[in-house]
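Asks: Structure: input-v2.cif, mmCIF, C-alpha atoms and all ligand atoms.
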```cif
data_run
#
loop_
_atom_site.label_atom_id
_atom_site.label_comp_id
_atom_site.auth_asym_id
_atom_site.auth_seq_id
_atom_site.Cartn_x
_atom_site.Cartn_y
_atom_site.Cartn_z
CA HIS X 85 43.69 6.24 19.93
CA VAL X 86 40.24 7.79 19.64
CA SER X 87 38.88 7.70 16.12
CA LYS X 88 36.62 10.19 14.44
CA VAL X 89 32.90 10.03 15.25
CA SER X 90 30.79 8.68 12.38
CA LYS X 91 27.18 9.81 12.50
CA LEU X 92 24.85 7.10 11.27
CA LEU X 93 21.13 7.58 10.79
CA LEU X 94 18.98 4.45 10.92
CA LEU X 95 15.68 4.62 9.05
CA PRO X 96 13.91 1.28 9.57
CA GLY X 97 10.78 2.24 7.62
CA ASP X 98 7.94 -0.26 7.86
CA GLY X 99 7.17 -3.92 7.14
CA ILE X 100 10.25 -6.15 7.44
CA GLY X 101 12.34 -2.96 7.39
CA ILE X 102 11.85 -2.81 11.14
CA GLU X 103 12.99 -6.40 11.75
CA ILE X 104 16.06 -6.26 9.53
CA MET X 105 17.11 -2.87 10.94
CA THR X 106 17.02 -4.37 14.44
CA GLU X 107 19.70 -6.81 13.26
CA ALA X 108 21.75 -4.02 11.66
CA GLU X 109 21.59 -2.05 14.88
CA LYS X 110 22.72 -5.08 16.92
CA LEU X 111 25.66 -5.51 14.57
CA LEU X 112 26.64 -1.83 14.74
CA GLN X 113 26.39 -1.78 18.53
CA PHE X 114 28.57 -4.87 18.69
CA ILE X 115 31.19 -3.19 16.48
CA ASN X 116 30.98 -0.01 18.53
CA ALA X 117 31.58 -1.90 21.76
CA ASN X 118 34.39 -4.12 20.46
CA THR X 119 36.49 -1.96 18.18
CA GLU X 120 38.15 1.46 18.17
CA LEU X 121 35.44 2.79 15.85
CA ASN X 122 33.25 5.54 17.20
CA LEU X 123 29.78 5.17 15.70
CA GLU X 124 27.04 7.54 16.77
CA LEU X 125 23.67 5.93 16.02
CA SER X 126 20.36 7.69 15.81
CA SER X 127 17.09 6.68 14.23
CA ALA X 128 14.10 8.40 12.70
CA LEU X 129 10.78 7.68 11.03
CA VAL X 130 10.34 7.16 7.31
CA GLY X 131 7.73 5.63 5.01
CA GLY X 132 4.49 4.16 6.30
CA ALA X 133 5.64 4.37 9.91
CA ALA X 134 6.25 8.10 9.47
CA TYR X 135 2.96 8.62 7.66
CA ASP X 136 1.01 6.91 10.45
CA GLN X 137 2.55 9.13 13.11
CA THR X 138 3.01 12.44 11.31
CA GLY X 139 0.88 12.39 8.12
CA THR X 140 3.93 12.55 5.84
CA PRO X 141 6.28 9.73 4.72
CA LEU X 142 9.35 11.98 5.03
CA PRO X 143 9.11 14.36 8.00
CA GLU X 144 11.39 17.43 7.77
CA GLU X 145 13.18 16.27 10.91
CA THR X 146 14.12 12.98 9.22
CA LEU X 147 15.38 14.81 6.15
CA SER X 148 17.51 17.20 8.17
CA LEU X 149 19.00 14.34 10.23
CA ALA X 150 19.77 12.53 6.96
CA LYS X 151 21.58 15.60 5.62
CA GLN X 152 23.71 15.83 8.78
CA ALA X 153 24.61 12.13 8.82
CA ASP X 154 27.76 10.60 7.33
CA ALA X 155 25.64 7.68 6.18
CA VAL X 156 22.00 6.67 6.21
CA LEU X 157 20.82 3.09 6.57
CA LEU X 158 17.37 2.41 5.21
CA GLY X 159 15.28 -0.73 5.82
CA ALA X 160 12.28 -0.77 3.49
CA VAL X 161 8.99 1.02 3.00
CA GLY X 162 5.57 0.44 1.46
CA GLY X 163 2.67 -1.96 1.63
CA PRO X 164 -1.05 -2.48 1.04
CA LYS X 165 -1.94 -0.43 4.11
CA TRP X 166 -0.81 2.75 2.31
CA GLU X 167 -1.54 1.83 -1.31
CA SER X 168 -4.80 3.81 -1.53
CA LEU X 169 -3.09 7.05 -0.44
CA ASP X 170 -2.38 9.85 -2.86
CA ILE X 171 0.96 9.26 -4.63
CA SER X 172 2.44 12.37 -2.97
CA VAL X 173 2.24 10.83 0.53
CA ARG X 174 2.87 7.18 -0.34
CA PRO X 175 5.79 5.62 1.60
CA GLU X 176 7.82 5.05 -1.60
CA LYS X 177 7.75 8.81 -2.26
CA ALA X 178 10.05 9.28 0.75
CA LEU X 179 12.79 7.25 -0.95
CA LEU X 180 12.67 9.26 -4.18
CA ARG X 181 12.78 12.50 -2.21
CA LEU X 182 15.67 11.30 0.00
CA ARG X 183 17.68 10.25 -3.07
CA SER X 184 17.16 13.60 -4.79
CA GLU X 185 17.56 15.81 -1.67
CA LEU X 186 20.80 14.03 -0.75
CA GLU X 187 21.96 14.18 -4.41
CA LEU X 188 22.75 10.48 -4.50
CA PHE X 189 23.80 10.19 -8.12
CA ALA X 190 25.74 6.92 -7.97
CA ASN X 191 23.92 3.69 -7.24
CA LEU X 192 26.08 0.63 -6.58
CA ARG X 193 24.59 -2.85 -6.67
CA PRO X 194 26.88 -5.81 -6.15
CA ALA X 195 25.73 -9.22 -7.32
CA ILE X 196 27.63 -11.86 -5.42
CA VAL X 197 26.92 -15.58 -5.37
CA SER X 198 28.53 -17.82 -2.80
CA PRO X 199 29.02 -21.43 -3.97
CA GLU X 200 26.49 -22.60 -1.33
CA LEU X 201 23.72 -20.54 -2.88
CA ALA X 202 24.57 -21.00 -6.56
CA SER X 203 21.72 -23.50 -7.01
CA ALA X 204 19.18 -20.76 -6.16
CA SER X 205 20.00 -18.97 -9.42
CA SER X 206 17.91 -19.54 -12.52
CA LEU X 207 21.19 -19.99 -14.39
CA LYS X 208 23.31 -23.13 -14.16
CA ALA X 209 25.24 -23.17 -10.91
CA GLU X 210 28.67 -23.23 -12.62
CA LEU X 211 27.83 -20.00 -14.48
CA VAL X 212 27.20 -18.08 -11.26
CA SER X 213 29.13 -19.88 -8.52
CA ASP X 214 31.65 -17.37 -7.06
CA LEU X 215 30.16 -14.55 -9.14
CA ASP X 216 31.28 -11.14 -7.88
CA ILE X 217 30.23 -8.27 -10.12
CA LEU X 218 29.14 -4.72 -9.41
CA ILE X 219 26.65 -2.66 -11.39
CA ILE X 220 26.99 1.12 -11.07
CA ARG X 221 23.93 3.05 -12.21
CA GLU X 222 23.73 6.82 -12.65
CA LEU X 223 20.68 7.67 -10.56
CA THR X 224 19.74 11.34 -10.90
CA GLY X 225 19.95 12.08 -14.64
CA GLY X 226 19.12 10.60 -18.01
CA ILE X 227 15.72 9.93 -19.51
CA TYR X 228 13.91 9.62 -16.17
CA PHE X 229 14.60 13.29 -15.43
CA GLY X 230 15.13 15.10 -18.78
CA HIS X 231 12.89 17.91 -20.05
CA PRO X 232 10.73 18.42 -22.07
CA ARG X 233 8.55 15.54 -20.90
CA GLY X 234 4.86 14.87 -21.02
CA VAL X 235 2.01 13.96 -23.34
CA PHE X 236 1.25 16.72 -25.84
CA GLU X 237 -1.11 17.38 -28.76
CA GLU X 238 0.64 17.53 -32.11
CA GLY X 239 -0.92 17.43 -35.57
CA GLY X 240 -4.29 16.27 -34.25
CA GLU X 241 -2.99 13.40 -32.13
CA LYS X 242 -1.25 12.89 -28.83
CA VAL X 243 2.51 12.39 -28.62
CA GLY X 244 4.42 11.23 -25.57
CA ILE X 245 7.84 12.76 -25.00
CA ASN X 246 10.75 12.06 -22.69
CA THR X 247 14.17 13.55 -23.08
CA TYR X 248 17.42 11.64 -22.73
CA ARG X 249 19.91 14.19 -21.43
CA TYR X 250 23.32 14.02 -19.76
CA SER X 251 25.75 16.87 -19.28
CA GLU X 252 29.51 16.35 -19.40
CA SER X 253 29.80 17.08 -15.68
CA GLU X 254 27.13 14.51 -14.80
CA ILE X 255 28.96 11.90 -16.86
CA ARG X 256 32.34 12.85 -15.45
CA ARG X 257 31.31 12.47 -11.81
CA ILE X 258 29.80 9.00 -12.32
CA ALA X 259 32.90 8.04 -14.32
CA HIS X 260 35.16 8.97 -11.40
CA VAL X 261 33.07 6.87 -8.99
CA ALA X 262 33.25 3.96 -11.43
CA PHE X 263 37.02 4.15 -11.99
CA LYS X 264 37.77 4.65 -8.28
CA THR X 265 35.59 1.67 -7.41
CA ALA X 266 37.21 -0.45 -10.11
CA MET X 267 40.61 0.42 -8.57
CA THR X 268 39.51 -1.31 -5.34
CA ARG X 269 38.47 -4.49 -7.18
CA GLY X 270 39.52 -6.31 -10.35
CA ARG X 271 40.36 -3.09 -12.27
CA GLN X 272 38.11 -4.03 -15.18
CA LEU X 273 35.48 -1.44 -16.02
CA CYS X 274 32.84 -1.99 -18.69
CA SER X 275 30.87 1.10 -19.66
CA VAL X 276 27.52 0.27 -21.22
CA ASP X 277 25.88 2.60 -23.73
CA LYS X 278 24.08 2.72 -27.05
CA ALA X 279 26.58 4.96 -28.77
CA ASN X 280 25.74 3.55 -32.21
CA VAL X 281 22.25 5.08 -32.00
CA LEU X 282 22.10 7.74 -29.27
CA GLU X 283 24.13 10.97 -29.39
CA VAL X 284 23.90 11.29 -25.61
CA THR X 285 25.73 8.05 -25.12
CA GLU X 286 28.30 9.02 -27.76
CA LEU X 287 29.16 11.89 -25.39
CA TRP X 288 29.08 9.41 -22.50
CA ARG X 289 31.67 7.27 -24.28
CA ASP X 290 33.91 10.28 -25.08
CA VAL X 291 33.91 11.47 -21.47
CA PHE X 292 34.66 7.97 -20.16
CA ASN X 293 37.61 7.71 -22.56
CA GLN X 294 38.93 11.06 -21.27
CA VAL X 295 38.55 10.15 -17.60
CA ALA X 296 40.21 6.78 -18.30
CA GLU X 297 43.53 8.60 -18.84
CA GLU X 298 43.56 9.47 -15.13
CA TYR X 299 43.25 5.77 -14.19
CA PRO X 300 45.86 3.94 -16.28
CA GLU X 301 45.63 0.83 -14.04
CA VAL X 302 41.98 0.27 -14.98
CA THR X 303 41.08 -1.46 -18.24
CA LEU X 304 38.08 0.31 -19.76
CA THR X 305 35.91 -1.45 -22.29
CA HIS X 306 32.66 -0.33 -23.93
CA MET X 307 29.64 -2.45 -24.71
CA TYR X 308 26.25 -1.74 -26.27
CA VAL X 309 23.40 -2.27 -23.86
CA ASP X 310 21.66 -5.00 -25.84
CA ASN X 311 24.85 -7.02 -25.96
CA ALA X 312 25.46 -6.34 -22.25
CA ALA X 313 22.03 -7.77 -21.38
CA MET X 314 22.91 -10.88 -23.35
CA GLN X 315 26.42 -11.23 -21.91
CA LEU X 316 25.17 -10.84 -18.32
CA VAL X 317 23.07 -13.96 -18.82
CA ARG X 318 25.48 -15.83 -21.10
CA GLN X 319 28.73 -15.45 -19.12
CA PRO X 320 28.25 -13.11 -16.14
CA LYS X 321 31.67 -13.82 -14.66
CA GLN X 322 33.36 -11.99 -17.59
CA PHE X 323 32.46 -8.70 -15.82
CA ASP X 324 34.00 -6.92 -12.83
CA VAL X 325 32.46 -3.43 -12.64
CA VAL X 326 29.74 -2.37 -15.07
CA VAL X 327 28.75 1.31 -15.26
CA THR X 328 25.84 2.77 -17.16
CA GLY X 329 23.16 5.48 -17.25
CA ASN X 330 19.93 5.59 -15.30
CA MET X 331 17.51 3.65 -17.50
CA PHE X 332 19.96 1.03 -18.79
CA GLY X 333 21.18 0.61 -15.20
CA ASP X 334 17.65 0.10 -13.92
CA ILE X 335 17.22 -2.84 -16.26
CA LEU X 336 20.73 -4.34 -16.09
CA SER X 337 20.82 -4.20 -12.28
CA ASP X 338 17.61 -6.20 -12.12
CA ILE X 339 19.09 -8.79 -14.47
CA ALA X 340 22.19 -8.94 -12.28
CA ALA X 341 20.02 -9.29 -9.18
CA MET X 342 18.27 -12.31 -10.60
CA LEU X 343 21.57 -14.02 -11.40
CA THR X 344 21.85 -14.52 -7.66
CA GLY X 345 18.34 -15.90 -7.29
CA SER X 346 17.88 -14.57 -3.77
CA ILE X 347 16.38 -11.14 -3.23
CA GLY X 348 17.04 -11.31 0.52
CA MET X 349 20.82 -11.21 -0.09
CA LEU X 350 21.25 -8.10 -2.25
CA PRO X 351 22.60 -4.86 -0.77
CA SER X 352 22.92 -1.46 -2.43
CA ALA X 353 24.70 1.84 -1.93
CA SER X 354 23.79 5.28 -3.25
CA LEU X 355 26.54 7.90 -3.02
CA ASP X 356 26.84 11.64 -3.32
CA ILE X 357 29.86 13.60 -4.54
CA ASN X 358 31.50 13.47 -1.07
CA ARG X 359 30.86 9.72 -0.77
CA LYS X 360 28.23 10.26 1.87
CA GLY X 361 25.53 7.77 1.13
CA MET X 362 22.39 5.84 1.74
CA TYR X 363 22.58 2.07 2.13
CA GLU X 364 19.63 -0.24 1.72
CA PRO X 365 18.66 -3.72 0.65
CA VAL X 366 17.34 -4.05 -2.91
CA HIS X 367 14.17 -5.77 -1.72
CA GLY X 368 11.01 -4.07 -0.44
CA SER X 369 9.03 -4.26 2.77
CA ALA X 370 7.70 -7.79 2.10
CA PRO X 371 4.27 -7.25 3.71
CA ASP X 372 3.50 -10.96 3.18
CA ILE X 373 6.05 -11.98 5.85
CA ALA X 374 6.33 -8.79 7.94
CA GLY X 375 6.27 -9.20 11.71
CA GLN X 376 6.87 -12.96 11.54
CA ASN X 377 10.63 -13.12 12.19
CA LYS X 378 10.99 -14.67 8.73
CA ALA X 379 12.83 -11.95 6.82
CA ASN X 380 16.38 -12.58 5.68
CA PRO X 381 18.49 -9.83 7.29
CA LEU X 382 21.60 -10.48 5.16
CA ALA X 383 20.87 -7.88 2.45
CA MET X 384 20.61 -5.30 5.24
CA LEU X 385 23.80 -6.50 6.97
CA LEU X 386 25.66 -6.53 3.64
CA SER X 387 24.41 -2.96 3.11
CA VAL X 388 26.10 -2.09 6.41
CA ALA X 389 29.29 -3.61 4.98
CA LEU X 390 28.99 -1.38 1.90
CA MET X 391 28.63 1.60 4.23
CA PHE X 392 31.94 0.79 5.92
CA LYS X 393 33.60 0.46 2.52
CA HIS X 394 32.24 3.52 0.74
CA SER X 395 31.22 6.18 3.27
CA LEU X 396 33.26 5.41 6.39
CA GLN X 397 36.43 4.47 4.46
CA GLN X 398 36.85 1.38 6.65
CA PRO X 399 37.13 -1.41 4.07
CA LYS X 400 38.52 -3.72 6.76
CA TYR X 401 35.18 -3.79 8.57
CA ALA X 402 33.31 -4.28 5.29
CA GLU X 403 35.42 -7.35 4.62
CA LEU X 404 34.93 -8.67 8.15
CA ILE X 405 31.14 -8.39 7.89
CA GLU X 406 31.12 -10.00 4.44
CA LYS X 407 33.29 -12.79 5.79
CA ALA X 408 31.04 -13.29 8.82
CA VAL X 409 28.02 -13.57 6.49
CA ALA X 410 29.84 -16.10 4.29
CA MET X 411 30.83 -18.16 7.35
CA THR X 412 27.21 -18.19 8.54
CA LEU X 413 26.08 -19.56 5.17
CA THR X 414 28.88 -22.13 5.13
CA GLN X 415 27.76 -23.28 8.59
CA GLY X 416 24.39 -24.04 6.98
CA PHE X 417 22.22 -21.32 8.50
CA ARG X 418 19.40 -20.32 6.16
CA THR X 419 16.36 -18.08 6.49
CA ALA X 420 13.04 -19.29 5.06
CA ASP X 421 13.57 -17.62 1.67
CA LEU X 422 16.67 -19.80 1.13
CA SER X 423 15.49 -23.11 2.53
CA ARG X 424 12.31 -25.13 2.84
CA GLN X 425 13.33 -26.85 6.01
CA ASP X 426 15.37 -26.17 9.13
CA TRP X 427 15.34 -22.47 8.62
CA VAL X 428 16.20 -19.93 11.29
CA GLY X 429 14.44 -16.65 12.04
CA THR X 430 15.60 -13.12 11.36
CA ALA X 431 16.99 -12.58 14.86
CA GLU X 432 18.90 -15.87 15.00
CA MET X 433 20.46 -15.23 11.59
CA GLY X 434 21.62 -11.83 12.87
CA ASP X 435 23.01 -13.43 16.05
CA GLN X 436 24.96 -16.02 14.05
CA VAL X 437 26.57 -13.31 11.90
CA ILE X 438 27.54 -11.33 15.01
CA GLY X 439 28.89 -14.52 16.62
CA ASN X 440 31.08 -15.14 13.59
CA LEU X 441 32.22 -11.53 13.52
CA ALA X 442 33.27 -11.89 17.14
CA LYS X 443 35.55 -14.78 16.11
CA LEU X 444 37.11 -12.68 13.34
CA LEU X 445 37.79 -9.50 15.35
P1 LIG E 501 9.36 -7.17 -1.95
O1 LIG E 501 10.80 -7.13 -2.27
O2 LIG E 501 8.92 -6.49 -0.73
O3 LIG E 501 8.89 -8.70 -1.88
C1 LIG E 501 8.95 -9.59 -2.97
C2 LIG E 501 8.97 -11.04 -2.46
O4 LIG E 501 10.25 -11.31 -1.91
C3 LIG E 501 7.96 -11.30 -1.35
O5 LIG E 501 7.45 -12.61 -1.47
C4 LIG E 501 8.77 -11.18 -0.08
O6 LIG E 501 8.29 -11.95 1.00
C5 LIG E 501 10.15 -11.66 -0.53
N1 LIG E 501 11.22 -10.96 0.20
C6 LIG E 501 11.63 -9.69 0.02
N2 LIG E 501 12.63 -9.40 0.87
C7 LIG E 501 12.84 -10.49 1.62
C8 LIG E 501 13.74 -10.79 2.69
N3 LIG E 501 14.63 -9.92 3.16
N4 LIG E 501 13.67 -12.03 3.23
C9 LIG E 501 12.80 -12.93 2.76
N5 LIG E 501 11.94 -12.71 1.77
C10 LIG E 501 11.95 -11.50 1.19
O7 LIG E 501 8.60 -6.57 -3.23
P2 LIG E 501 7.03 -6.31 -3.44
O8 LIG E 501 6.23 -7.39 -2.81
O9 LIG E 501 6.89 -6.04 -4.87
O10 LIG E 501 6.73 -4.94 -2.70
C11 LIG E 501 6.21 -4.83 -1.37
C12 LIG E 501 6.20 -3.39 -0.96
O11 LIG E 501 7.54 -2.91 -0.87
C13 LIG E 501 5.50 -2.47 -1.96
O12 LIG E 501 4.78 -1.51 -1.24
C14 LIG E 501 6.63 -1.84 -2.73
O13 LIG E 501 6.29 -0.59 -3.25
C15 LIG E 501 7.67 -1.72 -1.64
N6 LIG E 501 9.06 -1.67 -2.15
C16 LIG E 501 9.92 -0.93 -1.42
C17 LIG E 501 11.26 -0.87 -1.76
C18 LIG E 501 12.16 -0.13 -0.85
O14 LIG E 501 11.79 0.17 0.27
N7 LIG E 501 13.37 0.16 -1.28
C19 LIG E 501 11.78 -1.56 -2.95
C20 LIG E 501 10.80 -2.40 -3.61
C21 LIG E 501 9.48 -2.42 -3.22
MG MG E 502 14.15 -1.53 -11.19
#
```
Could you render the structure as structure tokens?

Replies:
Amino acid sequence: HVSKVSKLLLLPGDGIGIEIMTEAEKLLQFINANTELNLELSSALVGGAAYDQTGTPLPEETLSLAKQADAVLLGAVGGPKWESLDISVRPEKALLRLRSELELFANLRPAIVSPELASASSLKAELVSDLDILIIRELTGGIYFGHPRGVFEEGGEKVGINTYRYSESEIRRIAHVAFKTAMTRGRQLCSVDKANVLEVTELWRDVFNQVAEEYPEVTLTHMYVDNAAMQLVRQPKQFDVVVTGNMFGDILSDIAAMLTGSIGMLPSASLDINRKGMYEPVHGSAPDIAGQNKANPLAMLLSVALMFKHSLQQPKYAELIEKAVAMTLTQGFRTADLSRQDWVGTAEMGDQVIGNLAKLL
């Protein structure tokens, strides 16, 4: 049978974004040619590459293609070449604008450690070997966006103000993403807050408890953020899905990232209310190794897997890609970030993953 067309927009960006997106595109074309899936790929400029050609890091054409797409894949943007530009046209500005224009309020960051790579972590290998946790961060609300904000004069001195604000509906929608995601995994959801001190997170906790009644199969627990930071380092495998607000999530997701010890392996997903989303590696454009065929493409390829799971509703292909990546690591293939010797380049790593996928299909 002919399956529905999925429109995918590829935004390589600049730096190693271009090299890793080449591997993602190879993988997608392979899947298109060898399965019943019907993927329609297009690409557009973003970041420094867009600025160089058009004078803006996010051309209107790119934004409108992104809005029409079922999913957007993003490589990476930024670098010294554009650092002296005004903040409004810096490559990184394009990402913030894309996230807000597409209303991507739910940011998902898995932290997974295969036994082969456990020694790369700064924690003892046995604490992280076979780790598989997911941090869900609310991305468009909270203290980073609340008003009033600014530096004001008050009583003869300056005061700095930011406002921590969440509405019930903002909390409810992130709660549903968290519970639904927990249903597809270990069904353990830990909501992180500071409800002993902050009224906002008291409301957060109340709304989560209400939404929990719709998901009786999921076990909901609550934890204060300071304890959560400690527990993530003490015994990270106690968690399955962790959900929290914007600022706490910013910090906890970076802790979770470092449990894995390898920035080149970490994918992310950012979803809107219809589960359309943007998928990108956690790392940046790595100007120090750009153009040298040294970048690890696995974070990008694992981001493609997340896309199949969350936006295209094809968890089978997500699992196949994840399995092909795991096989490639088991076979001993490593990019330079993971090994001092006998490392393979970006393109060969991509080829090995596709070769393994071919065996699994
Ligand atoms: P970075 O993540 O680009 O690089 C940090 C270190 O990790 C570098 O030594 C780099 O070579 C290495 N690295 C990163 N990804 C790798 C990969 N896939 N394979 C092998 N090694 C990898 O962070 P940095 O250096 O702080 O930022 C560089 C530029 O990227 C800046 O302009 C920054 O603003 C931008 N950036 C962009 C992001 C994005 O596009 N989402 C996120 C973070 C930073
Ligand atoms: Mg951060």

Asks: Within 8 Å of ligand LIG 501 (chain E) (counting only C-alpha atoms and all ligand atoms), which residues show up? I'd like them as a PyMOL selection string.

Replies: chain X and resi 97+100-101+104+158-164+166-167+175-176+179+347-349+364-374+378-384+419-421

Asks: Residues within 8 Å of ligand MG 502 (chain E), counting only C-alpha atoms and all ligand atoms: report them as a list in words.

Replies: Asp334, Ile335, Ser337 and Asp338 of chain X

Asks: Using all atoms listed in the file, find each residue of segment 324-369 of chain X with at least one atom at most 10 Å away from an atom of segment 205-215 of chain X; report its shortest atom-to-atom pair and that distance in Å (one decimal), sort the rows by chain and rising residue number, and return the result as CSV.

Replies:
```
residue,atom,partner,partner_atom,distance
X:Asp324,CA,X:Leu215,CA,9.3
X:Ala341,CA,X:Ser205,CA,9.7
X:Met342,CA,X:Ser205,CA,7.0
X:Leu343,CA,X:Ser205,CA,5.6
X:Thr344,CA,X:Ser205,CA,5.1
X:Gly345,CA,X:Ser205,CA,4.1
X:Ser346,CA,X:Ser205,CA,7.5
```

Asks: Any chance you can output those residues with C-alpha atoms as a tab-separated table (two decimals), in the coordinates of the input?

Replies:
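What landed in again.tsv:
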```tsv
chain	number	residue	atom	x	y	z
X	324	ASP	CA	34.00	-6.92	-12.83
X	341	ALA	CA	20.02	-9.29	-9.18
X	342	MET	CA	18.27	-12.31	-10.60
X	343	LEU	CA	21.57	-14.02	-11.40
X	344	THR	CA	21.85	-14.52	-7.66
X	345	GLY	CA	18.34	-15.90	-7.29
X	346	SER	CA	17.88	-14.57	-3.77
```

Asks: Give me the residues within 7 Å of Ala195 of chain X as a ChimeraX atom specification, counting only C-alpha atoms and dropping any in the same chain fewer than 2 places off.

Replies: /X:193,197,216-218,340-341,344,350

Asks: What is the atom CA of Gly375 of chain X to atom CA of Gly429 of chain X distance in Å?

Replies: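 Interatomic distance, atom CA of Gly375 of chain X to atom CA of Gly429 of chain X: 11.1 Å.
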
Asks: Which of these, X:Ala312, X:Ala202, X:Leu273, X:Leu95, has the shortest distance to Thr146 of chain X once you count all atoms listed in the file?

Replies: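 Closest candidate: X:Leu95.
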
Asks: Pick from X:Ile227, X:Leu336, X:Ala313, X:Val261: nearest to Asn246 of chain X, with all atoms listed in the file counted?

Replies: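 Ranked by minimum distance to Asn246 of chain X, first place goes to X:Ile227.
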
Asks: Between atom CA of Gln436 of chain X and atom CA of Asn191 of chain X, what is the distance in Å, rounded to a tenth?

Replies: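 Spanning atom CA of Gln436 of chain X to atom CA of Asn191 of chain X is a straight-line distance of 29.0 Å.
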
Asks: In Å, how far is it from atom CA of Tyr135 of chain X to atom CA of Ser172 of chain X?

Replies: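 If I compute the distance from atom CA of Tyr135 of chain X to atom CA of Ser172 of chain X, I get 11.3 Å.
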
Asks: Could you please give me, as a PDB file with C-alpha atoms, in the coordinates of the input, the residues of protein, DNA or RNA lying at most 10 Å from (27.8, 10.0, -6.1) in the coordinate frame of the file, considering all atoms listed in the file?

Replies:
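File written: part_0.pdb
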```pdb
ATOM      1  CA  LEU X 186      20.800  14.030  -0.750  1.00  0.00           C
ATOM      2  CA  GLU X 187      21.960  14.180  -4.410  1.00  0.00           C
ATOM      3  CA  LEU X 188      22.750  10.480  -4.500  1.00  0.00           C
ATOM      4  CA  PHE X 189      23.800  10.190  -8.120  1.00  0.00           C
ATOM      5  CA  ALA X 190      25.740   6.920  -7.970  1.00  0.00           C
ATOM      6  CA  ASN X 191      23.920   3.690  -7.240  1.00  0.00           C
ATOM      7  CA  LEU X 192      26.080   0.630  -6.580  1.00  0.00           C
ATOM      8  CA  GLU X 222      23.730   6.820 -12.650  1.00  0.00           C
ATOM      9  CA  LEU X 223      20.680   7.670 -10.560  1.00  0.00           C
ATOM     10  CA  THR X 224      19.740  11.340 -10.900  1.00  0.00           C
ATOM     11  CA  GLU X 254      27.130  14.510 -14.800  1.00  0.00           C
ATOM     12  CA  ARG X 257      31.310  12.470 -11.810  1.00  0.00           C
ATOM     13  CA  ILE X 258      29.800   9.000 -12.320  1.00  0.00           C
ATOM     14  CA  ALA X 259      32.900   8.040 -14.320  1.00  0.00           C
ATOM     15  CA  HIS X 260      35.160   8.970 -11.400  1.00  0.00           C
ATOM     16  CA  VAL X 261      33.070   6.870  -8.990  1.00  0.00           C
ATOM     17  CA  ALA X 262      33.250   3.960 -11.430  1.00  0.00           C
ATOM     18  CA  ALA X 353      24.700   1.840  -1.930  1.00  0.00           C
ATOM     19  CA  SER X 354      23.790   5.280  -3.250  1.00  0.00           C
ATOM     20  CA  LEU X 355      26.540   7.900  -3.020  1.00  0.00           C
ATOM     21  CA  ASP X 356      26.840  11.640  -3.320  1.00  0.00           C
ATOM     22  CA  ILE X 357      29.860  13.600  -4.540  1.00  0.00           C
ATOM     23  CA  ASN X 358      31.500  13.470  -1.070  1.00  0.00           C
ATOM     24  CA  ARG X 359      30.860   9.720  -0.770  1.00  0.00           C
ATOM     25  CA  LYS X 360      28.230  10.260   1.870  1.00  0.00           C
ATOM     26  CA  GLY X 361      25.530   7.770   1.130  1.00  0.00           C
TER      27      GLY X 361
END
```

Asks: Pick out the residues sitting within 6 Å of Pro141 of chain X, and hand them over as a VMD selection string; count all atoms listed in the file, and ignore anything fewer than 5 positions along from it in its own chain.

Replies: chain X and resid 130 to 131 134 to 135 173 175 178

Asks: Go through X:Val89, X:Leu304, X:Met105, X:Leu201 one by one, measure the shortest atom-to-atom distance of each to Leu413 of chain X using only C-alpha atoms, and give the residue with the smallest value.

Replies: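 Closest to Leu413 of chain X, using only C-alpha atoms: X:Leu201.
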
Asks: Mind working out the centre and edge lengths of an axis-aligned box for segment 240-259 of chain X, all listed atoms inside, 5 Å added to each side, rounded to one decimal in Å and written as AutoDock Vina command-line options?

Replies:
```
--center_x 14.3 --center_y 12.6 --center_z -23.0 --size_x 47.2 --size_y 19.0 --size_z 32.4
```

Asks: Can you tell me which residues surround Val235 of chain X at a distance of at most 8 Å, considering only C-alpha atoms, apart from same-chain residues fewer than 3 positions away, and format the answer as a PyMOL selection string?

Replies: chain X and resi 242-245

Asks: Using all atoms listed in the file - which residues lie no farther than 12 Å from the point (34.5, 7.7, -23.1) in the file's frame? Write them as a PyMOL selection string.

Replies: chain X and resi 252+255-256+258-260+263+273-277+279+284-297+304-307+327-328

Asks: Convert the current residue selection to file output with C-alpha atoms, as a compact mmCIF listing (two decimals), in the coordinates of the input.

Replies:
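Done, and the output landed in selection.txt:
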```txt
# COMPACT_ATOMS: atom_id res chain seq x y z
CA GLU X 252 29.51 16.35 -19.40
CA ILE X 255 28.96 11.90 -16.86
CA ARG X 256 32.34 12.85 -15.45
CA ILE X 258 29.80 9.00 -12.32
CA ALA X 259 32.90 8.04 -14.32
CA HIS X 260 35.16 8.97 -11.40
CA PHE X 263 37.02 4.15 -11.99
CA LEU X 273 35.48 -1.44 -16.02
CA CYS X 274 32.84 -1.99 -18.69
CA SER X 275 30.87 1.10 -19.66
CA VAL X 276 27.52 0.27 -21.22
CA ASP X 277 25.88 2.60 -23.73
CA ALA X 279 26.58 4.96 -28.77
CA VAL X 284 23.90 11.29 -25.61
CA THR X 285 25.73 8.05 -25.12
CA GLU X 286 28.30 9.02 -27.76
CA LEU X 287 29.16 11.89 -25.39
CA TRP X 288 29.08 9.41 -22.50
CA ARG X 289 31.67 7.27 -24.28
CA ASP X 290 33.91 10.28 -25.08
CA VAL X 291 33.91 11.47 -21.47
CA PHE X 292 34.66 7.97 -20.16
CA ASN X 293 37.61 7.71 -22.56
CA GLN X 294 38.93 11.06 -21.27
CA VAL X 295 38.55 10.15 -17.60
CA ALA X 296 40.21 6.78 -18.30
CA GLU X 297 43.53 8.60 -18.84
CA LEU X 304 38.08 0.31 -19.76
CA THR X 305 35.91 -1.45 -22.29
CA HIS X 306 32.66 -0.33 -23.93
CA MET X 307 29.64 -2.45 -24.71
CA VAL X 327 28.75 1.31 -15.26
CA THR X 328 25.84 2.77 -17.16
```
